[in-house]
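Accompanying notes for the structure given below.
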Amino acid sequence: MKEIVCKLLVIGAGPGGYVCAIRAGQLGLDTVIVEADKPGGTCLNVGCIPSKAFIHAAEEFGATRQMLAGKNAMGIHVEAASIDLAKTVSWKDGIVGRLNGGVSALLQKARVKIVHGRAAFRDGKTVEVETEVGIQVIRAETVVIATGSEPVELATLPFGGPVISSTEALSLAKLPRKLVVIGGGYIGLELGTAFAKLGSEVTVIEATPQILPQYDADLVRPVARRLGELGIRVLTEAKAQGLSDDGNALVVETSDGQQQLLPADRFLVTVGRRPRFTGSGIEELDLDRNGPYLRIDDRCRTSMRGVYAIGDITGEPMLAHRAMAQGEMVAEILGGRNRAWDKRCIPAICFTDPEIVTAGLGPDEARAQGYAIRVGQFPFSANGRAMTMLSEEGFVRVVARADTNLVLGLQAVGAGVSELSAGFALAIEMGARLEDLAGTIHAHPTRSEAVQEAALKALGHALHI
């Protein structure tokens, strides 16, 4: 097979990789992208998009079940409710397929050559790709590594049979009667909540003292309360020891040193993700590491000249939008533009019920960095739009410097607050002060009014509380 020679080679067509390739193609760079699976990576195929489709289906079905039980304050009643999980999965797969096709079309529009197969480095400029028709050799002036991440497998609970990762959880044809979720982080709680709404009996175990340990207690409290309402059992400071001898139950060591057996049909392991290196030959390259991740500078350059890395393989935060921003930046650098990573914040969202969104610094983080701060918090229980949607749980919180009122962070927990993330990030990126948020007219009635009210509260004169 004839060698391919190009200006830029991108390995991995996930969010970071395909964005990098599209922008490079737009800038006129001769670009090749290699992907072993479907374009879109983990996020599009087995992560962000399918999980949100699954969560939405569960939310709709859960609301219907509440109406069936007569627990609807608006007076809506239904006669029966059932779900065809296989059809739900098919609907989810249809959305993924449409987006797969969209990514491929965008790459073709940008004149990016797509090579399907698994890439392995020969050296820092050359890869071999195992395609359906044989080995394809590609040589490039510059290489961008965007191979992403994969679920962490526990030695005591290897994947297979009833032990599944989030990938398998999103493709189940039959609803598990009982589900045990190992790991109370955002992936475990998002999927655990969805399965509970669909009718599974769910138990979550978390090794630390608090579920969602990356968030502060005030943000987690409404989520924990909702888990209880849904009948989800939560065990904190509990460790999975492995399956019972018959494979039908999880052996758990609780905080008091006792062992419990948790019987279930499926055991969903969501204890984190790790960079994907296997079979790529990256291990053979002399690249500096930051723990298990590739070390990069503020232009995403690795320690090897002409080799860049973006996305999950470079460490936390493992977020698709971070990878996209890195990919776009690297393409512009290679196109001759002067760019560097100078983002003030990367918003993060937990799609639980209720949702959590954070941008910038929380109160404890700000104090730890030496700031004297003002904090304003406004509850959705005082927000008209939240009342009309029967979703008053949660609040918006703003953190600002006490001396200048510069906004350091914004957080919220509540129904649909993920849609506030762009405004939160924009305020921090633009260097907004409390007066800017308070002085901006917010449309009424909307949840976003809570942002203005939180700023007013920090300034000492909230209007509606």
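Chain lettering (A, B, ...) mirrors the order of the structure tokens, residue numbering begins at 1 for each chain separately, and ligand numbering begins at 1 in order of display.
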Which residues are near range 88-100 of chain A? Cut-off 8 Å, only C-alpha atoms, ignore same chain within fewer than 3 positions. Put them as a list in words.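 Residues near the query, excluding close chain neighbours: Lys38, Pro39, Gly40, Leu44, Asn45, Ile49, Pro50, Ala53, Phe54, Ala57, Ile83, Asp84, Leu85, Val103, Ser104, Leu170, Ser171, Leu172 and Ala173 of chain A.
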Let's have the selection written as a compact mmCIF listing (two decimals), in the first residue's frame, with N, CA and C atoms.
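Written file, out_26.txt:
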# COMPACT_ATOMS: atom_id res chain seq x y z
N LYS A 38 -16.01 4.62 15.15
CA LYS A 38 -16.79 5.65 14.49
C LYS A 38 -16.30 7.03 14.91
N PRO A 39 -16.41 8.04 14.03
CA PRO A 39 -15.99 9.39 14.42
C PRO A 39 -16.85 9.92 15.57
N GLY A 40 -16.23 10.75 16.39
CA GLY A 40 -16.94 11.32 17.53
C GLY A 40 -16.40 10.88 18.86
N LEU A 44 -19.34 11.15 21.80
CA LEU A 44 -20.47 11.03 20.90
C LEU A 44 -21.04 9.61 20.88
N ASN A 45 -20.19 8.61 20.92
CA ASN A 45 -20.64 7.24 20.69
C ASN A 45 -21.11 6.51 21.94
N ILE A 49 -23.32 12.12 24.61
CA ILE A 49 -24.57 12.19 23.84
C ILE A 49 -25.51 11.03 24.17
N PRO A 50 -25.07 9.77 24.04
CA PRO A 50 -26.02 8.69 24.36
C PRO A 50 -26.48 8.69 25.82
N ALA A 53 -29.24 11.24 26.13
CA ALA A 53 -30.46 10.72 25.52
C ALA A 53 -31.13 9.74 26.49
N PHE A 54 -30.34 8.85 27.07
CA PHE A 54 -30.85 7.86 28.01
C PHE A 54 -31.44 8.54 29.24
N ALA A 57 -34.81 10.09 28.35
CA ALA A 57 -35.86 9.08 28.26
C ALA A 57 -36.31 8.65 29.65
N ILE A 83 -42.22 0.76 29.28
CA ILE A 83 -41.12 1.20 28.44
C ILE A 83 -40.52 0.00 27.71
N ASP A 84 -40.22 0.20 26.45
CA ASP A 84 -39.53 -0.79 25.62
C ASP A 84 -38.08 -0.34 25.55
N LEU A 85 -37.23 -0.90 26.44
CA LEU A 85 -35.85 -0.43 26.54
C LEU A 85 -35.09 -0.61 25.24
N VAL A 103 -20.24 14.51 11.68
CA VAL A 103 -18.80 14.70 11.86
C VAL A 103 -18.05 14.30 10.59
N SER A 104 -18.40 13.16 10.02
CA SER A 104 -17.74 12.70 8.79
C SER A 104 -17.92 13.72 7.67
N LEU A 170 -25.29 1.59 28.53
CA LEU A 170 -26.08 2.38 27.59
C LEU A 170 -26.62 1.55 26.43
N SER A 171 -26.32 0.26 26.43
CA SER A 171 -26.77 -0.60 25.32
C SER A 171 -27.55 -1.81 25.80
N LEU A 172 -27.97 -1.82 27.06
CA LEU A 172 -28.72 -2.96 27.58
C LEU A 172 -30.09 -3.06 26.91
N ALA A 173 -30.43 -4.27 26.49
CA ALA A 173 -31.74 -4.49 25.86
C ALA A 173 -32.82 -4.77 26.89
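Neighbours of range 419-433 of chain A closer than or equal to 8 Å, with only C-alpha atoms counted and sequence neighbours fewer than 4 positions away skipped, come out as A:Lys343, A:Arg344, A:Cys345, A:Ile346, A:Pro347, A:Ala348, A:Ile349, A:Val357, A:Thr358, A:Ala359, A:Gly360, A:Ala400, A:Thr404, A:Asn405, A:Leu406, A:Val407, A:Leu408, A:Gly409, A:Leu410, A:Gln411, A:Leu437, A:Ser448.
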Residues of the last selection are to be written out with N, CA and C atoms, as an mmCIF file, in the first residue's frame.
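Output file out_14.cif is given in full below:
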data_model
loop_
_atom_site.group_PDB
_atom_site.id
_atom_site.type_symbol
_atom_site.label_atom_id
_atom_site.label_comp_id
_atom_site.auth_asym_id
_atom_site.auth_seq_id
_atom_site.Cartn_x
_atom_site.Cartn_y
_atom_site.Cartn_z
ATOM 1 N N LYS A 343 -7.254 30.141 29.263
ATOM 2 C CA LYS A 343 -8.645 30.114 29.721
ATOM 3 C C LYS A 343 -8.711 30.369 31.229
ATOM 4 N N ARG A 344 -9.637 31.221 31.628
ATOM 5 C CA ARG A 344 -9.820 31.471 33.061
ATOM 6 C C ARG A 344 -10.603 30.359 33.741
ATOM 7 N N CYS A 345 -11.483 29.723 32.990
ATOM 8 C CA CYS A 345 -12.268 28.645 33.595
ATOM 9 C C CYS A 345 -12.762 27.693 32.521
ATOM 10 N N ILE A 346 -13.029 26.464 32.936
ATOM 11 C CA ILE A 346 -13.677 25.471 32.081
ATOM 12 C C ILE A 346 -14.905 24.999 32.837
ATOM 13 N N PRO A 347 -16.100 25.330 32.370
ATOM 14 C CA PRO A 347 -17.299 24.928 33.103
ATOM 15 C C PRO A 347 -17.439 23.411 33.120
ATOM 16 N N ALA A 348 -17.992 22.887 34.193
ATOM 17 C CA ALA A 348 -18.219 21.448 34.329
ATOM 18 C C ALA A 348 -19.655 21.219 34.762
ATOM 19 N N ILE A 349 -20.264 20.163 34.227
ATOM 20 C CA ILE A 349 -21.672 19.885 34.501
ATOM 21 C C ILE A 349 -21.841 18.439 34.940
ATOM 22 N N VAL A 357 -23.827 22.641 37.977
ATOM 23 C CA VAL A 357 -22.896 23.293 37.063
ATOM 24 C C VAL A 357 -21.948 24.166 37.873
ATOM 25 N N THR A 358 -20.666 24.103 37.520
ATOM 26 C CA THR A 358 -19.662 24.931 38.194
ATOM 27 C C THR A 358 -18.775 25.605 37.163
ATOM 28 N N ALA A 359 -18.341 26.803 37.480
ATOM 29 C CA ALA A 359 -17.371 27.526 36.650
ATOM 30 C C ALA A 359 -16.520 28.377 37.586
ATOM 31 N N GLY A 360 -15.219 28.305 37.415
ATOM 32 C CA GLY A 360 -14.337 29.083 38.282
ATOM 33 C C GLY A 360 -14.227 28.488 39.672
ATOM 34 N N ALA A 400 -17.158 36.174 44.661
ATOM 35 C CA ALA A 400 -16.428 37.325 44.132
ATOM 36 C C ALA A 400 -15.409 37.834 45.138
ATOM 37 N N THR A 404 -12.633 43.988 45.126
ATOM 38 C CA THR A 404 -12.932 44.543 43.799
ATOM 39 C C THR A 404 -14.271 44.086 43.237
ATOM 40 N N ASN A 405 -14.902 43.104 43.871
ATOM 41 C CA ASN A 405 -16.138 42.499 43.386
ATOM 42 C C ASN A 405 -15.964 41.715 42.084
ATOM 43 N N LEU A 406 -14.709 41.415 41.706
ATOM 44 C CA LEU A 406 -14.456 40.601 40.526
ATOM 45 C C LEU A 406 -15.013 39.197 40.753
ATOM 46 N N VAL A 407 -15.792 38.706 39.792
ATOM 47 C CA VAL A 407 -16.388 37.379 39.912
ATOM 48 C C VAL A 407 -15.317 36.308 39.743
ATOM 49 N N LEU A 408 -15.172 35.468 40.761
ATOM 50 C CA LEU A 408 -14.197 34.373 40.731
ATOM 51 C C LEU A 408 -14.835 33.053 40.350
ATOM 52 N N GLY A 409 -16.131 32.906 40.628
ATOM 53 C CA GLY A 409 -16.790 31.644 40.331
ATOM 54 C C GLY A 409 -18.290 31.753 40.383
ATOM 55 N N LEU A 410 -18.947 30.853 39.668
ATOM 56 C CA LEU A 410 -20.404 30.749 39.686
ATOM 57 C C LEU A 410 -20.758 29.280 39.735
ATOM 58 N N GLN A 411 -21.724 28.922 40.570
ATOM 59 C CA GLN A 411 -22.174 27.542 40.698
ATOM 60 C C GLN A 411 -23.693 27.519 40.797
ATOM 61 N N LEU A 437 -23.178 41.732 36.742
ATOM 62 C CA LEU A 437 -24.245 40.739 36.789
ATOM 63 C C LEU A 437 -25.535 41.358 37.321
ATOM 64 N N SER A 448 -32.661 32.127 34.873
ATOM 65 C CA SER A 448 -31.447 32.949 34.856
ATOM 66 C C SER A 448 -31.552 34.160 35.771
#
Top pick for closest residue to Ala309 in chain A, considering A:Val398, A:Leu390, A:Ala331, A:Ile182 and counting only C-alpha atoms: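 Counting only C-alpha atoms, the residue closest to Ala309 in chain A is A:Ala331.
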Hey, what does DSSP flag as strand (DSSP E or B) within range 60-227 of chain A? Can you give it to me as an MDAnalysis selection string? chainID A and resid 113:116 118:123 126:131 134:145 149:151 154 157 160 163:164 178:182 201:206
Filtering to C-alpha atoms, could you give me those residues as a compact mmCIF listing (two decimals), in the first residue's frame?
# COMPACT_ATOMS: atom_id res chain seq x y z
CA LYS A 113 -8.48 12.54 4.64
CA ILE A 114 -10.00 9.93 6.95
CA VAL A 115 -8.16 6.65 7.48
CA HIS A 116 -10.14 3.96 9.32
CA ARG A 118 -5.87 1.45 14.57
CA ALA A 119 -2.68 3.55 14.55
CA ALA A 120 0.63 2.52 16.12
CA PHE A 121 3.73 4.73 16.21
CA ARG A 122 6.93 3.65 14.46
CA ASP A 123 8.55 6.91 15.58
CA THR A 126 5.47 7.87 11.38
CA VAL A 127 2.56 5.58 12.19
CA GLU A 128 1.31 2.28 10.88
CA VAL A 129 -2.45 1.94 10.60
CA GLU A 130 -4.02 -1.50 10.63
CA THR A 131 -6.88 -1.09 8.14
CA GLY A 134 -3.75 -4.05 5.20
CA ILE A 135 -1.12 -1.87 6.84
CA GLN A 136 -1.11 1.80 5.82
CA VAL A 137 1.99 3.87 6.63
CA ILE A 138 1.51 7.59 7.25
CA ARG A 139 4.34 10.12 7.61
CA ALA A 140 3.64 13.63 8.89
CA GLU A 141 5.50 16.81 9.75
CA THR A 142 3.35 17.23 12.85
CA VAL A 143 1.36 14.73 14.90
CA VAL A 144 -1.49 15.43 17.30
CA ILE A 145 -2.26 12.63 19.77
CA SER A 149 -9.52 7.70 27.67
CA GLU A 150 -11.24 4.48 28.72
CA PRO A 151 -13.06 3.25 31.84
CA LEU A 154 -11.04 -2.87 39.01
CA LEU A 157 -14.28 -6.66 39.33
CA GLY A 160 -17.46 -9.14 31.64
CA VAL A 163 -19.94 -6.56 35.52
CA ILE A 164 -20.32 -3.70 33.05
CA LYS A 178 -31.46 -4.75 40.59
CA LEU A 179 -28.42 -2.63 39.77
CA VAL A 180 -25.40 -1.93 41.96
CA VAL A 181 -23.29 1.07 40.95
CA ILE A 182 -19.68 1.02 42.13
CA GLU A 201 -33.76 -1.05 42.26
CA VAL A 202 -30.47 0.84 42.54
CA THR A 203 -27.73 0.82 45.16
CA VAL A 204 -24.70 3.13 44.92
CA ILE A 205 -21.48 2.51 46.82
CA GLU A 206 -18.80 5.17 47.19
In range 15-197 of chain A, what's alpha helix (DSSP H) per DSSP? Answer as an mmCIF file with C-alpha atoms, in the first residue's frame?
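Result file is part_31.cif:
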data_model
loop_
_atom_site.group_PDB
_atom_site.id
_atom_site.type_symbol
_atom_site.label_atom_id
_atom_site.label_comp_id
_atom_site.auth_asym_id
_atom_site.auth_seq_id
_atom_site.Cartn_x
_atom_site.Cartn_y
_atom_site.Cartn_z
ATOM 1 C CA PRO A 15 -14.141 15.793 20.091
ATOM 2 C CA GLY A 16 -10.580 17.121 20.322
ATOM 3 C CA GLY A 17 -9.233 15.260 17.304
ATOM 4 C CA TYR A 18 -11.990 15.951 14.842
ATOM 5 C CA VAL A 19 -12.213 19.640 15.796
ATOM 6 C CA CYS A 20 -8.440 19.946 15.360
ATOM 7 C CA ALA A 21 -8.600 18.277 11.945
ATOM 8 C CA ILE A 22 -11.571 20.343 10.735
ATOM 9 C CA ARG A 23 -9.953 23.641 11.741
ATOM 10 C CA ALA A 24 -6.614 22.593 10.229
ATOM 11 C CA GLY A 25 -8.372 21.723 6.994
ATOM 12 C CA GLN A 26 -10.142 25.085 6.986
ATOM 13 C CA GLY A 41 -14.999 9.312 20.088
ATOM 14 C CA THR A 42 -16.237 8.299 23.517
ATOM 15 C CA CYS A 43 -18.333 11.432 23.979
ATOM 16 C CA LEU A 44 -20.471 11.031 20.895
ATOM 17 C CA ASN A 45 -20.636 7.239 20.691
ATOM 18 C CA VAL A 46 -20.702 5.869 24.248
ATOM 19 C CA CYS A 48 -21.958 12.414 26.600
ATOM 20 C CA ILE A 49 -24.567 12.188 23.843
ATOM 21 C CA PRO A 50 -26.018 8.687 24.365
ATOM 22 C CA SER A 51 -26.039 9.096 28.136
ATOM 23 C CA LYS A 52 -27.978 12.360 27.885
ATOM 24 C CA ALA A 53 -30.464 10.725 25.524
ATOM 25 C CA PHE A 54 -30.845 7.857 28.010
ATOM 26 C CA ILE A 55 -31.215 10.297 30.920
ATOM 27 C CA HIS A 56 -33.895 12.246 29.052
ATOM 28 C CA ALA A 57 -35.862 9.078 28.258
ATOM 29 C CA ALA A 58 -35.653 8.079 31.917
ATOM 30 C CA GLU A 59 -36.820 11.530 33.006
ATOM 31 C CA GLU A 60 -39.853 11.347 30.699
ATOM 32 C CA PHE A 61 -40.743 7.848 31.875
ATOM 33 C CA GLY A 62 -40.184 8.757 35.512
ATOM 34 C CA ALA A 63 -42.526 11.721 35.204
ATOM 35 C CA THR A 64 -45.137 9.468 33.599
ATOM 36 C CA ARG A 65 -44.861 6.958 36.443
ATOM 37 C CA GLN A 66 -45.408 9.777 38.940
ATOM 38 C CA MET A 67 -48.569 10.792 37.113
ATOM 39 C CA LEU A 68 -49.719 7.173 37.185
ATOM 40 C CA LEU A 85 -35.847 -0.425 26.539
ATOM 41 C CA ALA A 86 -34.675 -1.912 23.239
ATOM 42 C CA LYS A 87 -36.638 0.792 21.393
ATOM 43 C CA THR A 88 -35.171 3.443 23.688
ATOM 44 C CA VAL A 89 -31.666 2.197 22.896
ATOM 45 C CA SER A 90 -32.518 2.201 19.182
ATOM 46 C CA TRP A 91 -33.713 5.827 19.412
ATOM 47 C CA LYS A 92 -30.498 6.744 21.223
ATOM 48 C CA ASP A 93 -28.420 4.972 18.574
ATOM 49 C CA GLY A 94 -30.269 6.906 15.868
ATOM 50 C CA ILE A 95 -29.174 10.208 17.400
ATOM 51 C CA VAL A 96 -25.588 8.959 17.635
ATOM 52 C CA GLY A 97 -25.703 7.816 14.009
ATOM 53 C CA ARG A 98 -26.908 11.216 12.799
ATOM 54 C CA LEU A 99 -24.083 12.935 14.650
ATOM 55 C CA ASN A 100 -21.524 10.393 13.367
ATOM 56 C CA GLY A 101 -22.572 11.246 9.849
ATOM 57 C CA GLY A 102 -22.375 14.950 10.624
ATOM 58 C CA VAL A 103 -18.797 14.702 11.864
ATOM 59 C CA SER A 104 -17.740 12.703 8.793
ATOM 60 C CA ALA A 105 -19.382 15.262 6.505
ATOM 61 C CA LEU A 106 -17.626 18.148 8.254
ATOM 62 C CA LEU A 107 -14.250 16.423 7.923
ATOM 63 C CA GLN A 108 -14.847 15.835 4.212
ATOM 64 C CA LYS A 109 -15.976 19.430 3.748
ATOM 65 C CA SER A 166 -20.929 2.776 31.202
ATOM 66 C CA THR A 167 -20.538 1.639 27.575
ATOM 67 C CA GLU A 168 -22.490 -1.582 28.140
ATOM 68 C CA ALA A 169 -24.967 0.154 30.463
ATOM 69 C CA TYR A 186 -20.927 11.932 38.170
ATOM 70 C CA ILE A 187 -21.045 8.989 35.713
ATOM 71 C CA GLY A 188 -22.311 6.555 38.322
ATOM 72 C CA LEU A 189 -24.966 8.909 39.664
ATOM 73 C CA GLU A 190 -26.144 10.048 36.234
ATOM 74 C CA LEU A 191 -26.718 6.471 35.082
ATOM 75 C CA GLY A 192 -27.873 5.175 38.461
ATOM 76 C CA THR A 193 -30.535 7.889 38.647
ATOM 77 C CA ALA A 194 -31.697 7.112 35.111
ATOM 78 C CA PHE A 195 -32.064 3.389 35.833
ATOM 79 C CA ALA A 196 -33.959 4.141 39.054
ATOM 80 C CA LYS A 197 -36.449 6.276 37.124
#
Proximity to Tyr293 in chain A - best of A:Ala146, A:Ala450, A:Ala372, A:Leu261, only C-alpha atoms: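 Checking each of A:Ala146, A:Ala450, A:Ala372, A:Leu261 against Tyr293 in chain A, counting only C-alpha atoms, the winner is A:Ala146.
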Identify which of the residues A:Asp342, A:Glu153, A:Glu237, A:Glu35 lies closest to Gln210 in chain A, counting only C-alpha atoms when measuring atom-to-atom distances.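 So, comparing all the options, the nearest one is A:Glu237.
Taking CA of Glu132 in chain A and CA of Arg274 in chain A as the two end points, the separation is 27.7 Å.
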